[in-house]
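Student: Handing you this structure, nothing more for now.
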Amino acid sequence: MTKPIIEKWYKKLGFDSRYDAEFYAALHEIEISHDLRVEDYDINSQDGKRNFLAFLYFCERTGKEYEKRGISEKILMDTLSDLVRWCDTWSNLKGELYLGELDWLSIHLQLKLFHLGRLQYCMQKFRHDVPSHGIKKGDDSIGVHIPSIGPLDPAACKASIDEARDFFAKYFPEYHYEYIFCESWLLDETLKKLLKPDSNIIAFGDLYEKVLCYQADSLLGYVFKWKLKREELPEFEPKNAFAQRVKDWILSGNNFYETLGIIKK
């Protein structure tokens with residue numbers, strides 16, 4: 001009963017044909033219970049193929065919830081396309097069909113995160129106190145996330161933020177928040193030393209009021225290779241000029257920072 005649903009979403013989301021043989025073999029061998037729910041799934045599971053089948057099965061219920069709320073098919077497909085990106089990331093990392101990042105993807109499937117235009121938006125809580133703005137750790141907010149789907153065009157990002165304001169007011173009026181925030185390496189002021197002033201990344205960061213930062217190497221996973229550690233960097237060959245500047249910066253004993261930026265609702 002679950003297999004046709006899983007195959008439906010495999011085809012609908014448009015996974016690369018290079019996965020076909022492994023996918024159909026897994027679909028034949030692995031049983032996914034029709035009672036299984038994303039809320040009950042072990043997000044620490046390292047059975048990559050079972051994860052993949054289960055999360056495709058969960059898409060069916062998510063699609064029905066979108067229909068009930070009147071949210072468009074386009075937003076549904078844009079949001080669920082993250083399964084394709086993370087399948088590619090983890091399959092490349094493992095060398096076989098594999099879905100990881102389950103804690104992150106489960107948020108999409110539970111209607112807590114939505115892809116709107118260029119950016120993604122998640123109903124989530126602040127992880128830090130920001131006394132200067134009356135923000136307390138645990139306060140409700142809308143978190144901005146940046147999928148790797150191309151340039152961070154400033155106009156597209158601004159339009160996306162406006163769309164998000166309208167979206168949550170229309171579909172989740174019961175959700176009360178005061179700030180939209182982004183907590184990312186992309187907001188790091190250090191990048192102004194490595195990028196041109198008219199860089200899209202710099203323009204994106206300047207959309208926010210930056211209220212705190214802390215040292216982190218998270219950009220390595222995005223600029224180089226997912227899960228890359230600082231100690232592995234000397235042996236890793238940069239693929240572009242920016243990656244080379246990042247590598248040189250770190251090997252010279254410098255750091256990068258995760259930065260929290262906010263925008264008033």
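Chain labels run A, B, ... following the order of the structure tokens; each chain numbers its residues from 1, and ligands are numbered from 1 in the order shown.
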What are the DSSP helix (DSSP H, G or I) residues of range 38-139 of chain A, as a ChimeraX atom specification?
Tutor: /A:38-40,48-69,73-94,102-109,131-133
Student: The selected residues should be written to file as a CSV table (one decimal), in the first residue's frame (atoms: C-alpha atoms).
Tutor:
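Heads up, here's the output in result.csv:
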chain,number,residue,atom,x,y,z
A,38,VAL,CA,7.3,11.7,10.6
A,39,GLU,CA,6.7,12.8,14.2
A,40,ASP,CA,7.6,9.3,15.3
A,48,GLY,CA,19.9,6.0,4.5
A,49,LYS,CA,17.7,4.0,2.1
A,50,ARG,CA,15.0,3.4,4.7
A,51,ASN,CA,15.1,7.1,5.5
A,52,PHE,CA,14.7,8.0,1.9
A,53,LEU,CA,11.7,5.8,1.4
A,54,ALA,CA,10.0,6.9,4.6
A,55,PHE,CA,10.4,10.6,3.9
A,56,LEU,CA,9.0,10.1,0.4
A,57,TYR,CA,6.0,8.4,2.0
A,58,PHE,CA,5.6,11.3,4.5
A,59,CYS,CA,5.2,13.7,1.5
A,60,GLU,CA,1.7,12.4,0.9
A,61,ARG,CA,0.4,13.5,4.2
A,62,THR,CA,2.2,16.8,3.9
A,63,GLY,CA,0.6,17.4,0.5
A,64,LYS,CA,-2.9,16.8,1.9
A,65,GLU,CA,-2.2,19.3,4.7
A,66,TYR,CA,-1.2,21.9,2.2
A,67,GLU,CA,-4.5,21.3,0.3
A,68,LYS,CA,-6.5,21.7,3.5
A,69,ARG,CA,-4.9,25.1,4.2
A,73,GLU,CA,1.1,23.3,-5.2
A,74,LYS,CA,4.1,25.5,-6.2
A,75,ILE,CA,5.0,26.3,-2.6
A,76,LEU,CA,4.6,22.6,-1.7
A,77,MET,CA,6.9,21.5,-4.5
A,78,ASP,CA,9.5,24.2,-3.9
A,79,THR,CA,9.5,23.3,-0.2
A,80,LEU,CA,9.8,19.5,-0.7
A,81,SER,CA,12.6,20.0,-3.3
A,82,ASP,CA,14.9,20.2,-0.3
A,83,LEU,CA,14.6,16.4,-0.2
A,84,VAL,CA,16.3,16.2,-3.6
A,85,ARG,CA,19.1,18.6,-2.6
A,86,TRP,CA,19.9,16.7,0.7
A,87,CYS,CA,19.6,13.4,-1.0
A,88,ASP,CA,22.2,14.5,-3.5
A,89,THR,CA,24.4,15.9,-0.7
A,90,TRP,CA,24.3,12.8,1.4
A,91,SER,CA,24.5,10.3,-1.5
A,92,ASN,CA,27.6,12.0,-2.7
A,93,LEU,CA,29.0,11.9,0.8
A,94,LYS,CA,28.2,8.2,1.3
A,102,LEU,CA,16.4,14.1,9.0
A,103,ASP,CA,15.9,16.6,11.8
A,104,TRP,CA,16.0,19.4,9.3
A,105,LEU,CA,13.8,17.8,6.6
A,106,SER,CA,11.2,16.7,9.2
A,107,ILE,CA,10.4,20.4,9.8
A,108,HIS,CA,9.4,20.8,6.1
A,109,LEU,CA,7.1,17.8,6.3
A,131,PRO,CA,18.5,42.3,25.6
A,132,SER,CA,18.9,45.4,23.5
A,133,HIS,CA,15.7,44.5,21.5
Student: What parts of range 60-256 of chain A does DSSP call strand (DSSP E)? I'd like the answer as a count of residues only.
Tutor: 30
Student: To one decimal in Å, tell me the separation between CA of Gly14 in chain A and CA of Leu99 in chain A.
Tutor: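 So the two atoms, CA of Gly14 in chain A and CA of Leu99 in chain A, lie 15.2 Å apart.
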Student: For Phe167 in chain A, work out the shell of residues within 12 Å, counting only C-alpha atoms and skipping chain neighbours fewer than 2 positions away, then give it as number ranges by chain.
Tutor: A: 69-72, 75, 113-117, 120-123, 142, 160-165, 169-173, 175
Student: Residues within 12 Å of range 199-206 of chain A, please, as a VMD selection string. Count only C-alpha atoms; anything in the same chain fewer than 6 positions from it doesn't count.
Tutor: chain A and resid 118 to 119 144 to 146 150 to 158 160 to 161 181 to 193 242 258 to 263
Student: Rank nothing, just name the residue among A:Ile135, A:Leu97, A:Ile5, A:Ala241 nearest to Glu22 in chain A, using only C-alpha atoms.
Tutor: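 Between A:Ile135, A:Leu97, A:Ile5, A:Ala241, the residue approaching Glu22 in chain A most closely is A:Leu97.
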Student: Just to confirm, what's the straight-line distance from CA of Phe224 in chain A to CA of Phe126 in chain A in Å (one decimal)?
Tutor: 28.2 Å
Student: As an exercise, work out the distance from CA of Asp140 in chain A to CA of Gln124 in chain A in Å and give it to one decimal place.
Tutor: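 Going from CA of Asp140 in chain A over to CA of Gln124 in chain A, I get 5.9 Å.
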Student: Between A:Lys225, A:Lys3, A:His28, A:Lys264, which is the closest to Glu178 in chain A once you count only C-alpha atoms?
Tutor: A:Lys264
